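Asks: Data file run31.tsv (TSV, C-alpha atoms) is appended below.
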chain	number	residue	atom	x	y	z
A	15	MET	CA	16.53	-12.90	11.67
A	16	ILE	CA	16.65	-9.37	13.01
A	17	LYS	CA	20.45	-9.34	13.26
A	18	ASP	CA	20.72	-9.87	9.49
A	19	LEU	CA	18.65	-6.78	8.62
A	20	SER	CA	19.95	-3.35	7.72
A	21	PRO	CA	19.19	-0.63	10.29
A	22	ILE	CA	16.33	0.78	8.20
A	23	ASP	CA	14.76	-2.65	7.65
A	24	LYS	CA	15.26	-3.48	11.32
A	25	ALA	CA	13.39	-0.30	12.25
A	26	LYS	CA	10.51	-1.24	9.95
A	27	TYR	CA	10.50	-4.82	11.21
A	28	VAL	CA	10.33	-3.98	14.91
A	29	ALA	CA	7.56	-1.44	14.32
A	30	ALA	CA	5.58	-4.03	12.36
A	31	CYS	CA	6.08	-6.71	15.02
A	32	ARG	CA	4.92	-4.36	17.77
A	33	ALA	CA	1.82	-3.48	15.77
A	34	ALA	CA	1.09	-7.14	15.07
A	35	ASP	CA	0.87	-7.68	18.83
A	36	LEU	CA	-2.16	-5.36	18.90
A	37	VAL	CA	-4.11	-7.77	16.69
A	38	GLN	CA	-6.34	-10.32	18.41
A	39	SER	CA	-8.29	-13.29	17.09
A	40	GLY	CA	-11.69	-12.36	15.73
A	41	MET	CA	-10.57	-8.94	14.53
A	42	ARG	CA	-11.24	-7.46	11.12
A	43	VAL	CA	-7.99	-5.71	10.23
A	44	GLY	CA	-7.15	-3.22	7.51
A	45	LEU	CA	-3.81	-4.16	5.96
A	46	GLY	CA	-1.75	-1.29	4.59
A	47	THR	CA	0.48	-1.03	1.55
A	48	GLY	CA	4.22	-0.47	1.27
A	49	SER	CA	7.48	-1.91	2.56
A	50	THR	CA	6.73	-1.44	6.27
A	51	ALA	CA	3.19	-2.79	5.92
A	52	ALA	CA	4.61	-5.82	4.12
A	53	TRP	CA	6.59	-6.66	7.26
A	54	LEU	CA	3.33	-6.46	9.21
A	55	VAL	CA	1.54	-8.84	6.85
A	56	ARG	CA	4.40	-11.34	7.11
A	57	ARG	CA	4.40	-11.14	10.91
A	58	LEU	CA	0.63	-11.63	11.04
A	59	GLY	CA	1.07	-14.61	8.72
A	60	GLU	CA	3.54	-16.09	11.21
A	61	ARG	CA	1.01	-15.64	14.00
A	62	VAL	CA	-1.71	-17.28	11.90
A	63	ARG	CA	0.50	-20.31	11.28
A	64	ASP	CA	2.24	-20.58	14.65
A	65	GLU	CA	-0.39	-19.34	17.10
A	66	GLY	CA	-3.65	-20.08	15.32
A	67	LEU	CA	-4.48	-16.38	15.09
A	68	SER	CA	-7.83	-16.05	13.32
A	69	ILE	CA	-8.44	-12.71	11.61
A	70	LYS	CA	-10.04	-11.32	8.48
A	71	GLY	CA	-7.83	-8.93	6.55
A	72	VAL	CA	-9.00	-6.10	4.30
A	73	PRO	CA	-6.09	-5.16	2.03
A	74	THR	CA	-5.55	-1.66	0.65
A	75	SER	CA	-4.04	-2.78	-2.66
A	76	THR	CA	-3.82	-5.77	-4.96
A	77	ALA	CA	-0.18	-6.24	-3.92
A	78	THR	CA	-1.11	-6.45	-0.24
A	79	ALA	CA	-4.00	-8.80	-1.02
A	80	GLN	CA	-1.65	-11.16	-2.85
A	81	LEU	CA	0.91	-11.12	-0.03
A	82	ALA	CA	-1.77	-11.69	2.62
A	83	ARG	CA	-3.14	-14.72	0.77
A	84	GLU	CA	0.39	-16.10	0.40
A	85	GLU	CA	0.83	-15.73	4.16
A	86	GLY	CA	-2.38	-17.63	4.89
A	87	ILE	CA	-4.43	-14.64	6.04
A	88	GLU	CA	-8.12	-14.73	5.15
A	89	VAL	CA	-8.79	-11.82	2.80
A	90	ILE	CA	-12.21	-10.16	2.51
A	91	SER	CA	-13.46	-6.94	0.95
A	92	LEU	CA	-14.37	-3.84	2.93
A	93	ASP	CA	-17.99	-4.32	1.89
A	94	GLN	CA	-17.90	-7.82	3.36
A	95	ALA	CA	-16.29	-6.57	6.56
A	96	GLY	CA	-18.67	-3.65	6.99
A	97	TRP	CA	-16.47	-2.04	9.64
A	98	LEU	CA	-12.97	-2.74	10.91
A	99	ASP	CA	-11.54	-3.06	14.39
A	100	LEU	CA	-8.15	-1.80	13.38
A	101	THR	CA	-6.13	-0.61	10.39
A	102	ILE	CA	-2.34	-0.78	10.41
A	103	ASP	CA	-0.45	1.03	7.68
A	104	GLY	CA	2.77	2.87	6.98
A	105	ALA	CA	3.31	6.55	6.24
A	106	ASP	CA	5.67	8.63	4.14
A	107	GLU	CA	5.66	11.39	6.77
A	108	PHE	CA	4.01	12.06	10.12
A	109	ASP	CA	4.10	15.08	12.40
A	110	GLY	CA	3.64	15.61	16.11
A	111	GLU	CA	-0.16	15.69	15.79
A	112	PHE	CA	-0.17	12.40	13.85
A	113	ASN	CA	-1.10	14.08	10.57
A	114	LEU	CA	0.27	12.05	7.69
A	115	ILE	CA	1.37	12.14	4.10
A	116	LYS	CA	0.64	8.84	2.40
A	117	GLY	CA	0.53	7.63	-1.18
A	118	GLY	CA	4.14	6.87	-1.99
A	119	GLY	CA	2.93	3.43	-3.02
A	120	ALA	CA	0.06	4.91	-5.09
A	121	ALA	CA	-2.59	3.28	-2.87
A	122	LEU	CA	-3.76	6.38	-1.00
A	123	LEU	CA	-7.42	6.16	-2.07
A	124	GLN	CA	-8.03	2.66	-0.76
A	125	GLU	CA	-5.80	3.36	2.25
A	126	LYS	CA	-7.87	6.39	3.27
A	127	ILE	CA	-11.19	4.61	2.76
A	128	VAL	CA	-10.07	1.63	4.82
A	129	ALA	CA	-8.50	3.75	7.56
A	130	THR	CA	-11.63	5.85	8.03
A	131	ALA	CA	-13.78	2.71	8.20
A	132	SER	CA	-11.89	1.53	11.31
A	133	ASP	CA	-12.27	1.98	15.04
A	134	GLN	CA	-8.64	3.05	15.09
A	135	MET	CA	-5.71	3.54	12.75
A	136	VAL	CA	-2.17	2.63	13.76
A	137	VAL	CA	0.76	3.88	11.71
A	138	ILE	CA	4.03	1.96	11.66
A	139	ALA	CA	7.14	3.79	10.53
A	140	ASP	CA	10.88	4.08	10.93
A	141	ALA	CA	12.13	7.11	12.84
A	142	GLY	CA	13.13	8.89	9.62
A	143	LYS	CA	9.47	9.42	8.71
A	144	GLU	CA	8.90	11.83	11.61
A	145	VAL	CA	8.94	15.50	10.62
A	146	GLU	CA	8.31	18.81	12.35
A	147	THR	CA	6.22	20.07	9.43
A	148	LEU	CA	4.73	18.02	6.60
A	149	GLY	CA	5.78	18.63	3.03
A	150	ALA	CA	9.33	17.47	2.38
A	151	PHE	CA	7.88	14.29	0.89
A	152	PRO	CA	5.95	15.12	-2.32
A	153	LEU	CA	2.20	15.09	-1.66
A	154	PRO	CA	0.44	12.52	-3.87
A	155	VAL	CA	-2.91	13.48	-5.37
A	156	GLU	CA	-4.94	10.86	-7.25
A	157	VAL	CA	-6.68	12.22	-10.36
A	158	ILE	CA	-8.79	10.69	-13.12
A	159	PRO	CA	-6.97	10.31	-16.46
A	160	PHE	CA	-9.55	12.38	-18.38
A	161	GLY	CA	-8.31	15.95	-18.54
A	162	TRP	CA	-5.51	15.33	-16.07
A	163	GLN	CA	-3.44	18.19	-17.49
A	164	THR	CA	-6.32	20.59	-16.83
A	165	THR	CA	-6.56	19.21	-13.32
A	166	ARG	CA	-2.83	19.80	-12.86
A	167	THR	CA	-3.23	23.41	-13.99
A	168	LEU	CA	-6.07	23.94	-11.52
A	169	ILE	CA	-3.97	22.45	-8.75
A	170	GLU	CA	-1.04	24.73	-9.59
A	171	GLU	CA	-3.33	27.76	-9.51
A	172	ALA	CA	-4.73	26.69	-6.14
A	173	LEU	CA	-1.25	26.20	-4.72
A	174	ASP	CA	-0.44	29.85	-5.43
A	175	THR	CA	-2.91	30.77	-2.68
A	176	MET	CA	-1.74	28.12	-0.18
A	177	ASP	CA	0.85	28.32	2.59
A	178	VAL	CA	3.47	26.17	0.86
A	179	LEU	CA	7.08	26.73	-0.23
A	180	GLY	CA	6.92	24.96	-3.60
A	181	THR	CA	4.28	24.66	-6.32
A	182	SER	CA	5.81	22.18	-8.77
A	183	VAL	CA	3.44	19.38	-9.85
A	184	THR	CA	4.64	16.30	-11.73
A	185	LEU	CA	2.88	13.27	-13.18
A	186	ARG	CA	4.14	10.05	-11.60
A	187	MET	CA	5.50	7.72	-14.22
A	188	ASN	CA	6.01	3.98	-14.47
A	189	GLY	CA	8.78	3.79	-17.04
A	190	GLU	CA	7.58	5.51	-20.18
A	191	ALA	CA	3.90	5.51	-19.21
A	192	PRO	CA	1.96	7.22	-16.41
A	193	LYS	CA	1.65	5.27	-13.17
A	194	VAL	CA	-1.82	3.71	-12.98
A	195	THR	CA	-3.46	3.06	-9.61
A	196	ASP	CA	-5.62	0.05	-8.76
A	197	GLU	CA	-8.64	2.21	-9.66
A	198	GLY	CA	-7.18	3.12	-13.07
A	199	ASN	CA	-6.26	6.68	-12.10
A	200	HIS	CA	-3.07	8.76	-12.28
A	201	ILE	CA	-0.96	10.23	-9.47
A	202	LEU	CA	0.21	13.84	-9.44
A	203	ASP	CA	3.05	14.53	-7.00
A	204	LEU	CA	3.04	18.00	-5.45
A	205	HIS	CA	6.55	19.17	-4.52
A	206	LEU	CA	5.61	21.58	-1.74
A	207	LYS	CA	8.69	21.43	0.53
A	208	ARG	CA	6.63	22.67	3.48
A	209	ILE	CA	2.87	22.63	4.17
A	210	GLY	CA	1.84	25.42	6.50
A	211	ASN	CA	-1.83	24.45	6.84
A	212	ALA	CA	-2.38	20.79	5.98
A	213	ARG	CA	-6.07	20.80	6.87
A	214	GLN	CA	-6.84	23.72	4.56
A	215	LEU	CA	-4.78	22.25	1.74
A	216	ALA	CA	-6.56	18.90	1.97
A	217	LEU	CA	-9.96	20.58	1.73
A	218	VAL	CA	-8.95	22.76	-1.22
A	219	MET	CA	-7.41	19.88	-3.18
A	220	ASN	CA	-10.56	17.77	-2.93
A	221	GLN	CA	-12.68	20.60	-4.34
A	222	ILE	CA	-10.79	20.61	-7.64
A	223	PRO	CA	-12.58	18.86	-10.53
A	224	GLY	CA	-10.70	15.71	-11.53
A	225	VAL	CA	-9.16	15.14	-8.09
A	226	VAL	CA	-10.25	11.84	-6.57
A	227	GLU	CA	-8.37	12.07	-3.27
A	228	ASN	CA	-5.22	13.57	-1.75
A	229	GLY	CA	-2.54	11.98	0.41
A	230	LEU	CA	-3.04	14.14	3.50
A	231	PHE	CA	-4.48	12.06	6.35
A	232	ILE	CA	-5.79	14.53	8.91
A	233	ASP	CA	-7.39	13.45	12.22
A	234	ILE	CA	-7.38	9.79	11.13
A	235	CYS	CA	-4.37	8.26	12.91
A	236	ASP	CA	-4.71	7.29	16.60
A	237	LYS	CA	-1.36	5.64	17.33
A	238	VAL	CA	2.10	5.76	15.79
A	239	ILE	CA	4.63	2.98	16.30
A	240	VAL	CA	8.14	4.19	15.58
A	241	GLY	CA	10.93	1.70	14.96
A	242	HIS	CA	14.66	2.39	15.39
A	243	GLY	CA	17.68	0.75	13.85
A	244	ASP	CA	18.91	-0.55	17.21
A	245	GLY	CA	15.73	-2.55	17.82
A	246	ARG	CA	13.96	0.01	20.01
A	247	VAL	CA	10.33	0.68	19.25
A	248	GLU	CA	8.03	3.41	20.58
A	249	LEU	CA	4.24	3.20	20.76
A	250	ARG	CA	2.80	6.72	20.86
A	251	ASP	CA	-0.87	7.13	21.69
A	252	LEU	CA	-2.35	10.47	20.65
A	253	ASN	CA	-5.51	10.14	22.72
A	254	GLU	CA	-3.80	8.92	25.89
A	255	GLY	CA	-0.77	11.17	25.47
A	256	THR	CA	1.56	8.28	26.35
A	257	VAL	CA	4.77	6.89	24.89
A	258	LEU	CA	5.85	3.30	25.60
A	259	THR	CA	9.41	2.32	24.66
A	260	ASN	CA	10.19	-1.35	24.06
A	261	MET	CA	12.99	-3.53	22.69
A	262	LEU	CA	12.65	-6.38	20.21
A	263	GLY	CA	14.79	-9.40	20.97
A	264	ASP	CA	16.97	-11.09	18.38
A	265	GLY	CA	15.71	-14.08	16.47
A	266	GLY	CA	12.25	-12.60	16.02
A	267	ASP	CA	11.21	-13.00	19.66
A	268	ASN	CA	8.97	-10.26	20.96
A	269	LEU	CA	10.47	-9.17	24.27
A	270	PHE	CA	8.24	-6.17	24.87
A	271	SER	CA	8.32	-4.75	28.36
A	272	ASP	CA	7.32	-1.23	29.23
A	273	LEU	CA	10.48	0.76	29.87
A	274	ALA	CA	9.09	4.29	29.99
A	275	ASP	CA	5.84	6.23	29.99
Translate this file's structure into structure tokens.
Replies:
Amino acid sequence: MIKDLSPIDKAKYVAACRAADLVQSGMRVGLGTGSTAAWLVRRLGERVRDEGLSIKGVPTSTATAQLAREEGIEVISLDQAGWLDLTIDGADEFDGEFNLIKGGGAALLQEKIVATASDQMVVIADAGKEVETLGAFPLPVEVIPFGWQTTRTLIEEALDTMDVLGTSVTLRMNGEAPKVTDEGNHILDLHLKRIGNARQLALVMNQIPGVVENGLFIDICDKVIVGHGDGRVELRDLNEGTVLTNMLGDGGDNLFSDLAD
């Protein structure tokens, strides 16, 4: 299977497969949203069918919930789970301190709630998502529909005092209509180019009336699994300060052996 994938899809696939190996029977697992997370859900579905893996999945969107059910994964709500052993999700950007921008799939609110209700969060991403400084990817901010234009104005005014290179704010659209999240909200995309102080920006954004949540994930991610187009995959552990490099074999076989620390 892996030989038929494009380099970018291969990178996503190997990262997802490596993350799936972290999941053990009996775990309550947060299931992320997006193209890379979809590979994870499919791989976990394979393990459920082929290995008898028994887990309870808490999805971060209706799309992920549907895919998980199709793959035979038991789906429960976060309230039913209470607390999670592990959340695995993608990212639109990550930096060297494992700070993230998420929300490209408009699921940032549920993603952040689920991630913070977990013993650990693991991000899976292709190598192109790694950046020196966050901000090239537009920062999503979820806002309530009522008075969203006023909220946008307040955000623009706040950005004038922030350490960013751009201050353009656009409403995310779905065709001719605004994009609507699972919670019935809108998404404003902040085109900042570079974020000098992500922690400060996240705090300021969430103080603005009308803002529900922002896509900066600060001090939430514990591990990042980076996939490459040649089949290599790196597991980086922030707390341990280690990097393990592995190779995924062709045909979907997991041939992980530690090659480097």
Asks: Name the residues in contact with Val136 (chain A) at a cut-off of 7 Å, using all atoms listed in the file, excluding same-chain residues fewer than 2 positions from it; report them as JSON, numbers by chain.
Replies: {"A": [101, 102, 103, 134, 138, 235, 236, 237, 238]}
Asks: What's the separation between CA of Asp106 (chain A) and CA of Lys143 (chain A), in Å to one decimal place?
Replies: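 These atoms are spaced 6.0 Å apart.
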Asks: Kindly indicate which residue among A:Arg213, A:Arg63, A:Arg56, A:Lys26 lies nearest to Gln80 (chain A), using all atoms listed in the file for the distances.
Replies: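 For Gln80 (chain A), the nearest of the given residues is A:Arg56.
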Asks: If we count only C-alpha atoms, what is near region 110-112 of chain A at a cut-off of 10 Å, once residues fewer than 4 positions away on the same chain are taken out, given as number ranges by chain?
Replies: A: 136-137, 144-148, 231-238, 250-252
Asks: CA of Asn260 (chain A) to CA of Ile22 (chain A): how many Å, to one decimal?
Replies: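 CA of Asn260 (chain A) sits 17.1 Å away from CA of Ile22 (chain A).
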Asks: What separation in Å, quoted to one decimal, exists between CA of Lys116 (chain A) and CA of Arg208 (chain A)?
Replies: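 Computing it gives 15.1 Å between the two atoms.
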Asks: Fewer than 3 positions away in the same chain doesn't count, so skip those; otherwise give me all residues within 6 Å of Lys207 (chain A), counting all atoms listed in the file, as a ChimeraX atom specification.
Replies: /A:149-150,179-180
Asks: For Gly224 (chain A), which of A:Thr165, A:Thr184, A:Ser132, A:Thr76 is the closest residue, counting only C-alpha atoms?
Replies: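 Under the stated criterion, the closest residue is A:Thr165.
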Asks: Place a sphere of radius 12 Å on (0.2, -8.5, 7.4) in the file coordinates and name every protein, DNA or RNA residue with an atom inside or on its surface, counting only C-alpha atoms; give the answer as a PyMOL selection string.
Replies: chain A and resi 27+30-31+33-35+37+43-62+67+69-74+77-89+101-104+138
Asks: When you count all atoms listed in the file, which of these residues is closest to Phe108 (chain A): A:Pro21, A:Gly245, A:Gly96, A:Gly142?
Replies: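 When distances to Phe108 (chain A) are compared using all atoms listed in the file, the smallest one comes from A:Gly142.
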Asks: Go through A:Gln124, A:Asn211, A:Asn228, A:Gln38 one by one, measure the shortest atom-to-atom distance of each to Thr195 (chain A) using all atoms listed in the file, and give the residue with the smallest value.
Replies: A:Gln124
Asks: Select, from A:Gly210, A:Gly243, A:Gly229, A:Gly255, the residue with the minimum atom-to-atom distance to Gly118 (chain A), counting all atoms listed in the file.
Replies: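 Closest candidate: A:Gly229.
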Asks: Of the residues A:Leu185, A:Leu153, A:Ala121, A:Leu215, which is the one nearest to Gly198 (chain A), using all atoms listed in the file?
Replies: A:Ala121
Asks: Counting all atoms listed in the file, what is within 10 Å of Ile169 (chain A), bar same-chain residues fewer than 4 positions away, as a list in words?
Replies: Val155, Gln163, Thr164, Thr165, Leu173, Asp174, Thr181, Ser182, Val183, Leu202, Leu204, Val218, Met219, Asn220, Gln221, Ile222, Pro223, Gly224 and Val225 of chain A
Asks: Let me know the centre plus edge lengths, in Å and rounded to one decimal, of a box with edges along x, y and z that contains all listed atoms of region 76-79 of chain A and is padded by 5 Å on every side, as lines of an AutoDock Vina configuration file.
Replies:
center_x = -2.1
center_y = -7.3
center_z = -2.6
size_x = 13.8
size_y = 13.0
size_z = 14.7
